[in-house]
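This is data_4.csv. It holds CSV, C-alpha atoms.
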chain,number,residue,atom,x,y,z
A,11,MET,CA,-11.3,17.5,15.1
A,12,ARG,CA,-8.2,19.4,16.1
A,13,THR,CA,-5.3,18.1,18.2
A,14,GLU,CA,-1.8,19.2,19.0
A,15,LEU,CA,-0.7,17.6,15.7
A,16,THR,CA,-3.1,19.8,13.7
A,17,VAL,CA,-1.8,22.9,12.0
A,18,PRO,CA,-3.8,25.6,10.1
A,19,MET,CA,-4.9,24.8,6.6
A,20,PRO,CA,-3.7,27.3,4.0
A,21,LEU,CA,-6.2,29.9,2.7
A,22,PRO,CA,-7.0,28.8,-0.8
A,23,ALA,CA,-6.1,31.2,-3.6
A,24,GLN,CA,-9.1,33.1,-5.0
A,25,ASP,CA,-8.2,32.8,-8.6
A,26,GLY,CA,-9.2,29.1,-8.9
A,27,GLY,CA,-5.7,27.8,-8.3
A,28,ASP,CA,-3.7,25.2,-10.2
A,29,LEU,CA,-3.2,21.7,-8.8
A,30,GLU,CA,-0.8,20.9,-11.6
A,31,ALA,CA,1.7,23.4,-10.0
A,32,LEU,CA,2.3,20.6,-7.5
A,33,TRP,CA,4.6,18.8,-9.9
A,34,GLU,CA,7.0,21.8,-10.0
A,35,HIS,CA,7.8,21.0,-6.3
A,36,VAL,CA,7.7,17.1,-6.2
A,37,ARG,CA,9.5,14.9,-8.7
A,38,ILE,CA,6.6,12.5,-9.4
A,39,PRO,CA,7.0,10.7,-12.8
A,40,LYS,CA,4.2,11.9,-15.2
A,41,GLN,CA,2.7,8.4,-15.5
A,42,ASP,CA,2.3,8.2,-11.7
A,43,GLN,CA,0.8,11.7,-11.1
A,44,GLY,CA,-2.7,10.5,-11.5
A,45,VAL,CA,-2.1,7.8,-8.8
A,46,VAL,CA,-0.9,10.6,-6.4
A,47,VAL,CA,-4.0,12.7,-7.3
A,48,GLY,CA,-6.3,9.8,-6.7
A,49,TRP,CA,-4.8,9.1,-3.3
A,50,MET,CA,-5.0,12.8,-2.3
A,51,LEU,CA,-8.7,13.0,-3.3
A,52,ALA,CA,-9.6,9.8,-1.4
A,53,ALA,CA,-7.6,10.9,1.6
A,54,SER,CA,-9.9,13.8,2.1
A,55,GLN,CA,-12.9,11.5,2.9
A,56,PRO,CA,-13.4,10.7,6.6
A,57,GLU,CA,-15.8,7.8,6.2
A,58,ARG,CA,-14.3,4.3,6.9
A,59,SER,CA,-15.7,3.0,3.6
A,60,ARG,CA,-13.6,5.6,1.7
A,61,ALA,CA,-10.2,4.3,2.7
A,62,ALA,CA,-7.4,5.9,0.7
A,63,GLY,CA,-4.8,3.3,1.5
A,64,ILE,CA,-1.1,3.9,1.6
A,65,LEU,CA,0.8,6.2,-0.8
A,66,TYR,CA,4.1,4.4,-1.0
A,67,LEU,CA,6.9,6.6,-2.2
A,68,SER,CA,10.1,4.7,-2.9
A,69,GLY,CA,13.4,5.5,-4.6
A,70,PRO,CA,17.1,5.9,-4.0
A,71,SER,CA,18.6,8.0,-1.2
A,72,GLY,CA,18.5,11.7,-2.2
A,73,ALA,CA,15.4,11.3,-4.4
A,74,GLY,CA,13.4,13.7,-2.1
A,75,LYS,CA,10.9,11.2,-0.9
A,76,SER,CA,10.5,12.7,2.6
A,77,CYS,CA,10.1,16.2,1.1
A,78,ALA,CA,7.6,14.9,-1.5
A,79,ALA,CA,5.5,13.3,1.3
A,80,ASP,CA,5.4,16.5,3.2
A,81,ILE,CA,4.4,18.6,0.2
A,82,ILE,CA,1.8,16.2,-1.0
A,83,ALA,CA,0.2,16.0,2.5
A,84,ARG,CA,0.2,19.8,2.8
A,85,ALA,CA,-1.2,20.2,-0.8
A,86,GLY,CA,-4.3,18.3,0.4
A,87,GLY,CA,-4.6,20.4,3.6
A,88,ALA,CA,-3.5,17.6,5.9
A,89,PRO,CA,0.1,18.0,7.0
A,90,ALA,CA,1.4,15.2,9.2
A,91,ASP,CA,4.2,14.6,11.6
A,92,ARG,CA,6.9,12.2,10.5
A,93,LYS,CA,6.9,8.9,12.4
A,94,GLN,CA,9.5,6.2,12.6
A,95,PHE,CA,7.8,2.8,12.4
A,96,GLY,CA,10.6,0.6,13.8
A,97,ALA,CA,10.1,-3.0,15.0
A,98,HIS,CA,11.7,-2.1,18.3
A,99,LYS,CA,9.1,0.7,18.9
A,100,MET,CA,6.1,-1.2,17.6
A,101,ASP,CA,3.2,-1.4,20.0
A,102,GLY,CA,-0.2,-1.8,18.4
A,103,ARG,CA,-2.2,0.2,20.9
A,104,ASP,CA,0.2,3.1,21.2
A,105,PHE,CA,0.7,3.4,17.4
A,106,LEU,CA,-3.1,3.4,16.8
A,107,VAL,CA,-3.7,6.0,19.5
A,108,GLY,CA,-1.0,8.2,18.0
A,109,ALA,CA,-2.5,7.8,14.5
A,110,SER,CA,-6.0,8.7,15.8
A,111,ALA,CA,-4.6,12.0,17.0
A,112,GLY,CA,-4.0,13.2,13.5
A,113,TRP,CA,-5.3,12.6,10.0
A,114,VAL,CA,-2.6,11.6,7.5
A,115,THR,CA,-0.2,9.1,9.2
A,116,TYR,CA,3.3,9.6,7.9
A,117,LEU,CA,5.8,6.7,8.1
A,118,ASP,CA,9.2,7.9,7.1
A,119,ASN,CA,12.2,5.9,5.9
A,120,LEU,CA,10.8,2.3,6.4
A,121,SER,CA,13.4,-0.4,6.1
A,122,VAL,CA,11.4,-3.5,7.0
A,123,VAL,CA,7.7,-4.2,7.8
A,124,THR,CA,7.1,-7.3,10.0
A,125,ALA,CA,4.1,-9.5,9.7
A,126,GLU,CA,2.5,-7.8,12.8
A,127,GLN,CA,3.2,-4.3,11.5
A,128,SER,CA,1.7,-5.3,8.1
A,129,ASP,CA,-1.5,-6.4,9.8
A,130,THR,CA,-1.6,-3.2,11.8
A,131,LEU,CA,-1.2,-1.1,8.7
A,132,CYS,CA,-3.9,-3.0,6.9
A,133,CYS,CA,-6.3,-2.5,9.7
A,134,LEU,CA,-5.4,1.2,10.0
A,135,VAL,CA,-6.1,2.0,6.4
A,136,THR,CA,-9.2,-0.2,6.1
A,137,GLY,CA,-10.7,0.7,9.4
A,138,LEU,CA,-11.0,-0.9,12.8
A,139,THR,CA,-12.4,-0.5,16.2
A,140,GLU,CA,-10.2,-1.2,19.2
A,141,THR,CA,-11.4,-1.4,22.8
A,142,TYR,CA,-9.0,-1.0,25.8
A,143,ARG,CA,-9.3,-0.8,29.5
A,144,THR,CA,-9.3,2.9,30.5
A,145,MET,CA,-6.1,3.7,32.4
A,146,ARG,CA,-6.4,3.8,36.2
A,147,THR,CA,-9.8,2.0,36.2
A,148,ASN,CA,-10.8,-1.6,36.7
A,149,VAL,CA,-13.8,-2.0,34.4
A,150,ASP,CA,-14.1,1.2,32.3
A,151,THR,CA,-13.2,0.9,28.6
A,152,THR,CA,-12.1,3.2,25.9
A,153,SER,CA,-12.8,2.5,22.2
A,154,ILE,CA,-11.0,3.9,19.2
A,155,ASP,CA,-12.8,3.8,15.9
A,156,ILE,CA,-10.1,4.7,13.4
A,157,SER,CA,-9.4,4.7,9.6
A,158,ARG,CA,-6.5,6.8,8.3
A,159,PRO,CA,-4.8,7.5,5.0
A,160,VAL,CA,-1.0,6.8,5.2
A,161,ILE,CA,2.1,8.1,3.4
A,162,ALA,CA,5.1,5.8,3.6
A,163,THR,CA,8.6,6.5,2.3
A,164,SER,CA,11.4,4.0,1.8
A,165,VAL,CA,14.5,3.3,-0.3
A,166,GLU,CA,13.2,-0.2,-0.6
A,167,ILE,CA,11.3,-2.6,1.7
A,168,PRO,CA,12.7,-6.1,1.0
A,169,VAL,CA,9.5,-8.1,1.4
A,170,LEU,CA,5.9,-6.8,1.5
A,171,ARG,CA,2.9,-9.0,2.2
A,172,ALA,CA,0.4,-9.3,-0.5
A,173,ASP,CA,-2.6,-8.0,1.5
A,174,LEU,CA,-0.6,-4.9,2.3
A,175,ILE,CA,0.4,-4.3,-1.3
A,176,THR,CA,-3.2,-4.3,-2.5
A,177,ARG,CA,-3.8,-1.4,-0.1
A,178,MET,CA,-0.9,0.6,-1.6
A,179,ALA,CA,-0.5,3.2,-4.3
A,180,PRO,CA,3.2,2.7,-5.2
A,181,VAL,CA,5.2,5.5,-6.8
A,182,GLN,CA,8.9,5.3,-7.7
A,183,LEU,CA,10.9,8.6,-7.5
A,184,ASP,CA,14.2,9.2,-9.4
A,185,LEU,CA,17.2,11.2,-8.4
A,186,PRO,CA,16.9,14.9,-9.3
A,187,TYR,CA,19.2,16.3,-12.0
A,188,HIS,CA,20.0,19.3,-9.9
A,189,PRO,CA,19.6,18.6,-6.1
A,190,ARG,CA,18.4,21.5,-4.0
A,191,PRO,CA,18.5,22.0,-0.2
A,192,GLU,CA,15.3,20.7,1.5
A,193,ASP,CA,14.7,24.1,3.1
A,194,ASP,CA,14.6,25.8,-0.3
A,195,VAL,CA,12.3,23.2,-1.7
A,196,MET,CA,9.9,23.4,1.2
A,197,ALA,CA,9.9,27.3,1.2
A,198,ASP,CA,9.0,27.3,-2.5
A,199,ALA,CA,6.3,24.8,-2.0
A,200,LYS,CA,4.8,26.7,0.9
A,201,ALA,CA,4.6,29.9,-1.2
A,202,ALA,CA,2.8,27.9,-3.9
A,203,GLN,CA,0.5,26.1,-1.5
A,204,PRO,CA,-2.5,28.4,-1.6
A,205,ARG,CA,-2.7,28.0,-5.4
A,206,ILE,CA,-2.2,24.2,-5.2
A,207,PHE,CA,-4.7,23.9,-2.4
A,208,ALA,CA,-7.4,25.9,-4.3
A,209,GLY,CA,-6.8,23.7,-7.4
A,210,TYR,CA,-7.1,20.6,-5.3
A,211,LEU,CA,-10.4,21.7,-3.7
A,212,ASN,CA,-11.9,22.6,-7.1
A,213,LEU,CA,-11.0,19.2,-8.5
A,214,LEU,CA,-12.3,17.5,-5.4
A,215,SER,CA,-15.7,19.2,-5.7
A,216,LYS,CA,-16.0,18.1,-9.3
A,217,VAL,CA,-15.0,14.5,-8.6
A,218,MET,CA,-17.3,14.2,-5.6
A,219,ALA,CA,-20.2,15.3,-7.8
A,220,SER,CA,-19.4,12.7,-10.5
A,221,GLU,CA,-17.4,9.8,-9.0
A,222,HIS,CA,-20.4,7.5,-9.1
A,223,LEU,CA,-20.8,7.6,-12.8
A,224,PRO,CA,-20.5,4.1,-14.3
A,225,ILE,CA,-17.0,2.8,-14.9
A,226,PRO,CA,-16.4,0.7,-18.0
A,227,ALA,CA,-16.1,-3.0,-17.3
A,228,GLU,CA,-12.7,-3.2,-18.9
A,229,VAL,CA,-11.3,-0.6,-16.4
A,230,PRO,CA,-9.5,-2.5,-13.6
A,231,LEU,CA,-10.9,-1.3,-10.3
A,232,PRO,CA,-8.4,-1.8,-7.4
A,233,ARG,CA,-9.1,-3.2,-4.0
A,234,LEU,CA,-9.2,0.4,-2.8
A,235,ALA,CA,-12.4,0.9,-4.8
A,236,VAL,CA,-13.2,4.5,-3.7
A,237,MET,CA,-9.7,5.7,-4.5
A,238,GLY,CA,-10.0,4.0,-7.9
A,239,ARG,CA,-13.3,5.6,-8.7
A,240,MET,CA,-12.0,9.1,-7.6
A,241,ALA,CA,-8.8,8.6,-9.7
A,242,HIS,CA,-10.9,7.5,-12.7
A,243,ALA,CA,-13.2,10.6,-12.3
A,244,ALA,CA,-10.1,12.9,-11.9
A,245,ASP,CA,-8.7,11.6,-15.2
A,246,ARG,CA,-11.7,13.0,-17.0
A,247,TYR,CA,-11.2,16.5,-15.6
A,248,ARG,CA,-7.4,16.6,-15.8
A,249,GLY,CA,-7.3,15.3,-19.3
A,250,THR,CA,-5.2,12.2,-18.3
A,251,GLY,CA,-5.9,8.6,-18.6
A,252,ASP,CA,-5.0,5.0,-17.6
A,253,THR,CA,-4.3,5.9,-14.0
A,254,LEU,CA,-6.0,2.7,-12.8
A,255,LYS,CA,-4.1,0.6,-15.3
A,256,ARG,CA,-0.9,2.2,-14.1
A,257,LEU,CA,-1.9,1.4,-10.5
A,258,GLU,CA,-2.6,-2.2,-11.5
A,259,ARG,CA,0.8,-2.5,-13.1
A,260,THR,CA,2.8,-1.0,-10.2
A,261,GLN,CA,0.9,-3.2,-7.6
A,262,GLY,CA,1.5,-6.2,-9.9
A,263,GLU,CA,5.3,-5.5,-9.9
A,264,LEU,CA,5.4,-5.4,-6.1
A,265,LEU,CA,3.4,-8.6,-5.9
A,266,ASN,CA,5.7,-10.3,-8.3
A,267,GLU,CA,8.7,-9.1,-6.3
A,268,THR,CA,7.1,-10.4,-3.1
A,269,LEU,CA,6.7,-13.9,-4.6
A,270,THR,CA,10.2,-14.1,-5.9
A,271,ASP,CA,11.7,-12.7,-2.7
A,272,TYR,CA,10.1,-15.5,-0.6
A,273,PRO,CA,12.3,-18.7,-1.1
A,274,PHE,CA,9.2,-21.0,-0.9
A,275,PHE,CA,7.2,-19.1,-3.5
A,276,ALA,CA,10.3,-18.5,-5.7
A,277,THR,CA,10.9,-22.3,-5.7
A,278,ILE,CA,7.3,-23.0,-6.7
A,279,ILE,CA,7.5,-20.6,-9.6
A,280,HIS,CA,10.8,-22.2,-10.7
A,281,GLU,CA,10.0,-25.9,-10.2
A,282,ILE,CA,6.4,-26.4,-11.1
A,283,LYS,CA,6.0,-26.6,-14.9
A,284,THR,CA,2.7,-28.4,-15.1
A,285,GLU,CA,-0.4,-28.5,-12.9
A,286,PHE,CA,0.2,-29.8,-9.4
A,287,VAL,CA,-2.5,-31.5,-7.4
A,288,GLY,CA,-1.9,-32.7,-3.9
A,289,GLY,CA,-1.5,-31.8,-0.2
A,290,GLY,CA,1.1,-29.6,1.4
A,291,GLU,CA,3.4,-32.5,2.2
A,292,ALA,CA,3.4,-33.7,-1.4
A,293,LEU,CA,4.1,-30.2,-2.6
A,294,LEU,CA,7.2,-29.9,-0.3
A,295,ALA,CA,8.4,-33.3,-1.4
A,296,ASP,CA,7.9,-32.3,-5.1
A,297,ILE,CA,9.9,-29.0,-4.9
A,298,ASP,CA,12.4,-30.0,-2.2
A,299,PRO,CA,12.8,-33.8,-2.3
A,300,ASP,CA,16.1,-33.9,-0.3
A,301,GLN,CA,15.0,-31.2,2.2
A,302,SER,CA,18.1,-29.2,1.4
A,303,LEU,CA,16.0,-26.0,0.9
A,304,ALA,CA,14.3,-26.5,4.2
A,305,ALA,CA,17.7,-26.8,5.9
A,306,LYS,CA,19.0,-23.8,4.0
A,307,TYR,CA,16.2,-21.3,4.7
A,308,GLY,CA,15.1,-22.4,8.2
A,309,LYS,CA,12.1,-20.4,9.4
A,310,GLN,CA,11.5,-19.0,5.9
A,311,TRP,CA,10.5,-22.4,4.7
A,312,PRO,CA,7.1,-23.9,5.7
A,313,ILE,CA,6.8,-27.1,7.8
A,314,GLY,CA,4.2,-29.6,7.0
A,315,SER,CA,0.7,-29.2,5.5
A,316,LYS,CA,-0.4,-26.5,7.9
A,317,GLY,CA,2.7,-24.4,7.1
A,318,VAL,CA,2.1,-24.7,3.4
A,319,SER,CA,-1.6,-23.8,3.7
A,320,HIS,CA,-0.9,-20.8,5.9
A,321,ARG,CA,1.5,-19.3,3.4
A,322,LEU,CA,-0.5,-20.2,0.2
A,323,LYS,CA,-3.8,-18.9,1.5
A,324,ARG,CA,-2.4,-15.5,2.2
A,325,HIS,CA,-0.9,-15.2,-1.3
A,326,VAL,CA,-3.6,-16.6,-3.6
A,327,GLY,CA,-4.3,-13.1,-5.0
A,328,ALA,CA,-0.6,-12.4,-5.5
A,329,PHE,CA,-0.2,-15.6,-7.6
A,330,ALA,CA,-3.3,-14.7,-9.6
A,331,ARG,CA,-1.9,-11.2,-10.4
A,332,VAL,CA,1.2,-12.8,-12.0
A,333,GLY,CA,-0.7,-15.4,-14.0
A,334,TRP,CA,-0.8,-18.4,-11.7
A,335,THR,CA,-3.9,-20.2,-10.4
A,336,VAL,CA,-3.8,-21.4,-6.8
A,337,LYS,CA,-6.9,-23.2,-5.5
A,338,SER,CA,-7.6,-25.2,-2.3
A,339,VAL,CA,-9.9,-28.0,-1.5
A,340,ALA,CA,-11.0,-28.0,2.1
A,341,ALA,CA,-9.5,-30.6,4.5
A,342,THR,CA,-11.5,-33.6,5.6
A,343,HIS,CA,-11.1,-36.2,8.3
A,344,HIS,CA,-9.2,-38.4,5.9
A,345,GLN,CA,-6.8,-35.9,4.2
A,346,PRO,CA,-5.4,-32.4,4.8
A,347,THR,CA,-6.1,-29.4,2.5
A,348,GLN,CA,-5.4,-30.3,-1.1
A,349,TRP,CA,-3.9,-27.7,-3.5
A,350,ILE,CA,-4.3,-27.2,-7.2
A,351,ILE,CA,-1.5,-25.1,-8.5
A,352,THR,CA,-1.4,-24.2,-12.2
A,353,PRO,CA,1.4,-22.2,-13.8
A,354,PRO,CA,0.8,-19.6,-16.5
A,355,GLU,CA,0.1,-20.7,-20.0
A,356,GLY,CA,2.8,-18.8,-21.8
A,357,PRO,CA,6.5,-17.9,-21.1
A,358,GLU,CA,5.7,-14.2,-21.5
A,359,SER,CA,3.9,-14.2,-18.1
A,360,PRO,CA,5.3,-11.8,-15.5
A,361,ALA,CA,6.1,-14.8,-13.3
A,362,HIS,CA,8.7,-15.9,-15.8
Would you mind writing the file out in structure tokens?
Amino acid sequence: MRTELTVPMPLPAQDGGDLEALWEHVRIPKQDQGVVVGWMLAASQPERSRAAGILYLSGPSGAGKSCAADIIARAGGAPADRKQFGAHKMDGRDFLVGASAGWVTYLDNLSVVTAEQSDTLCCLVTGLTETYRTMRTNVDTTSIDISRPVIATSVEIPVLRADLITRMAPVQLDLPYHPRPEDDVMADAKAAQPRIFAGYLNLLSKVMASEHLPIPAEVPLPRLAVMGRMAHAADRYRGTGDTLKRLERTQGELLNETLTDYPFFATIIHEIKTEFVGGGEALLADIDPDQSLAAKYGKQWPIGSKGVSHRLKRHVGAFARVGWTVKSVAATHHQPTQWIITPPEGPESPAH
């Protein structure tokens, strides 16, 4: 499919190319290069079940995040237009229609992601079908069946929801020792693109032929399973290792930050020292007996059993990744949902 957003792919070099030349033009830490390669390989797959997820490039201002996103997308033959994903511009249908017109969706310089935007991004990278009334008709409908890889850049997003983090491949960039003008960086990368693209295609063909080989049980397969399998296969051919463990660690760090950034979750982590068993109201009374925290944090603090259940259910996985066990017992006619919250066994847990 070609649209107005599509530009010509580079002609691959005929000498076999060299994907590793990519790192001469983007400042990706060595331990995260396998994560980027895994995302690039998965991003080439159009089937919905092969979702690549979100390559999340963060770092201080001047680290070259926007440049890196451009170069990485072009290295895989799928350049993308930069998009500003602001809350004041957010419209689910318009955003999804715009994303469907290209391949890689590029979200530049994010500063905040609302709950609604988070849900939209989760659907976009996992795959969804949306049906709308066709413009200027009464009963005709138009359906969009869409799943897209995403590159997002940000200095730092204050709070990310757990379900979005599990669909991310986070990479932290550092400031360059010798900053260069963006035009010079992009010109050098464009000159090297045929070699990089050829190396990428050669690796892609090898990985596609072997990605279904068994993965050892001890290797942590991420929620983005296809990306995980392709990254694991790429490690064999590139002579690298532990990409999936690195991905697990970086996702875990973001999940831990998410918990500690939410006042309610941070209070649970700080106040609960032994196993808690009870309903949402009992939990609130236990961690905020005088309701001073509820008054201080306002809408950021849950109200009643339903408010507690709504927040905990969405973050069970985040708690598990940092050593906590959060389980629920379904509500009955006689009592609301009951919660069993167990802190980690040792003080060395990431939550502490």
**OP:** For Ala109 in chain A, work out the shell of residues within 10 Å, counting all atoms listed in the file and skipping chain neighbours fewer than 3 positions away, then give it as a ChimeraX atom specification.
**Re:** /A:90-91,93,103-106,112-116,134,156-160
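Of the residues listed (A:Ala125, A:Leu117, A:Val332, A:Leu303), A:Leu303 shows the shortest atom-to-atom separation from Thr277 in chain A; distances use only C-alpha atoms.
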Using all atoms listed in the file, find all polymer residues with an atom at most 12 Å away from the point (-3.1, -15.4, -6.3); report them as a tab-separated table (two decimals) with C-alpha atoms, in the coordinates of the input.
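Result saved to out09.tsv:
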chain	number	residue	atom	x	y	z
A	172	ALA	CA	0.40	-9.30	-0.50
A	173	ASP	CA	-2.60	-8.00	1.50
A	176	THR	CA	-3.20	-4.30	-2.50
A	262	GLY	CA	1.50	-6.20	-9.90
A	265	LEU	CA	3.40	-8.60	-5.90
A	266	ASN	CA	5.70	-10.30	-8.30
A	268	THR	CA	7.10	-10.40	-3.10
A	269	LEU	CA	6.70	-13.90	-4.60
A	275	PHE	CA	7.20	-19.10	-3.50
A	321	ARG	CA	1.50	-19.30	3.40
A	322	LEU	CA	-0.50	-20.20	0.20
A	323	LYS	CA	-3.80	-18.90	1.50
A	324	ARG	CA	-2.40	-15.50	2.20
A	325	HIS	CA	-0.90	-15.20	-1.30
A	326	VAL	CA	-3.60	-16.60	-3.60
A	327	GLY	CA	-4.30	-13.10	-5.00
A	328	ALA	CA	-0.60	-12.40	-5.50
A	329	PHE	CA	-0.20	-15.60	-7.60
A	330	ALA	CA	-3.30	-14.70	-9.60
A	331	ARG	CA	-1.90	-11.20	-10.40
A	332	VAL	CA	1.20	-12.80	-12.00
A	333	GLY	CA	-0.70	-15.40	-14.00
A	334	TRP	CA	-0.80	-18.40	-11.70
A	335	THR	CA	-3.90	-20.20	-10.40
A	336	VAL	CA	-3.80	-21.40	-6.80
A	337	LYS	CA	-6.90	-23.20	-5.50
A	338	SER	CA	-7.60	-25.20	-2.30
A	350	ILE	CA	-4.30	-27.20	-7.20
A	351	ILE	CA	-1.50	-25.10	-8.50
A	352	THR	CA	-1.40	-24.20	-12.20
A	353	PRO	CA	1.40	-22.20	-13.80
A	354	PRO	CA	0.80	-19.60	-16.50
A	361	ALA	CA	6.10	-14.80	-13.30
**OP:** Please work out which residues fall within 12 Å of (1.4, -3.4, -0.1), coordinates as given in the file, with all atoms listed in the file counting, and return them as number ranges by chain.
**Re:** A: 63-67, 123, 125, 127-129, 131-132, 135, 160, 162, 167-181, 233-234, 257, 260-268, 328
**OP:** Between A:Pro186, A:Gly26, A:Pro232, A:Pro18, single out the one closest to Gly69 in chain A, counting only C-alpha atoms.
**Re:** A:Pro186
Subject >> Which of A:Leu213, A:Cys77, A:Met237, A:Ala304 sits closest to Asp193 in chain A [using only C-alpha atoms] >> reply: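 Residue with the minimum atom-to-atom distance to Asp193 in chain A: A:Cys77.
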**OP:** Please provide the set of residues having any atom within 6 Å of Ser164 in chain A, restricted to only C-alpha atoms, with same-chain residues fewer than 3 positions apart removed, written as number ranges by chain.
**Re:** A: 68, 119-120
Original post:
Hey, which of A:Thr250, A:Ser302, A:Ser153, A:Gln310 ends up closest to Asp271 in chain A? Count all atoms listed in the file.
Top reply: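 Smallest distance to Asp271 in chain A is found for A:Gln310.
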Subject >> Selection: 10 Å around Asp28 in chain A, only C-alpha atoms, excl. self and same-chain fewer than 2 positions, as a list in words >> reply: Ala23, Asp25, Gly26, Glu30, Ala31, Leu32, Ala202, Gln203, Pro204, Arg205, Ile206, Phe207, Ala208, Gly209, Tyr210, Leu211, Asn212 and Leu213 of chain A
Please produce a file of those selected residues containing C-alpha atoms, as a tab-separated table (two decimals), keeping the file's coordinate frame.
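Written out: out37.tsv:
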chain	number	residue	atom	x	y	z
A	23	ALA	CA	-6.10	31.20	-3.60
A	25	ASP	CA	-8.20	32.80	-8.60
A	26	GLY	CA	-9.20	29.10	-8.90
A	30	GLU	CA	-0.80	20.90	-11.60
A	31	ALA	CA	1.70	23.40	-10.00
A	32	LEU	CA	2.30	20.60	-7.50
A	202	ALA	CA	2.80	27.90	-3.90
A	203	GLN	CA	0.50	26.10	-1.50
A	204	PRO	CA	-2.50	28.40	-1.60
A	205	ARG	CA	-2.70	28.00	-5.40
A	206	ILE	CA	-2.20	24.20	-5.20
A	207	PHE	CA	-4.70	23.90	-2.40
A	208	ALA	CA	-7.40	25.90	-4.30
A	209	GLY	CA	-6.80	23.70	-7.40
A	210	TYR	CA	-7.10	20.60	-5.30
A	211	LEU	CA	-10.40	21.70	-3.70
A	212	ASN	CA	-11.90	22.60	-7.10
A	213	LEU	CA	-11.00	19.20	-8.50
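If you look at CA of Lys255 in chain A and CA of Pro230 in chain A, they are 6.5 Å away from each other.
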Subject >> Closest of A:Glu285, A:Glu258, A:Glu14, A:Asp42 to Gln182 in chain A - atom-to-atom distances counting all atoms listed in the file >> reply: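 Closest to Gln182 in chain A of all the choices is A:Asp42.
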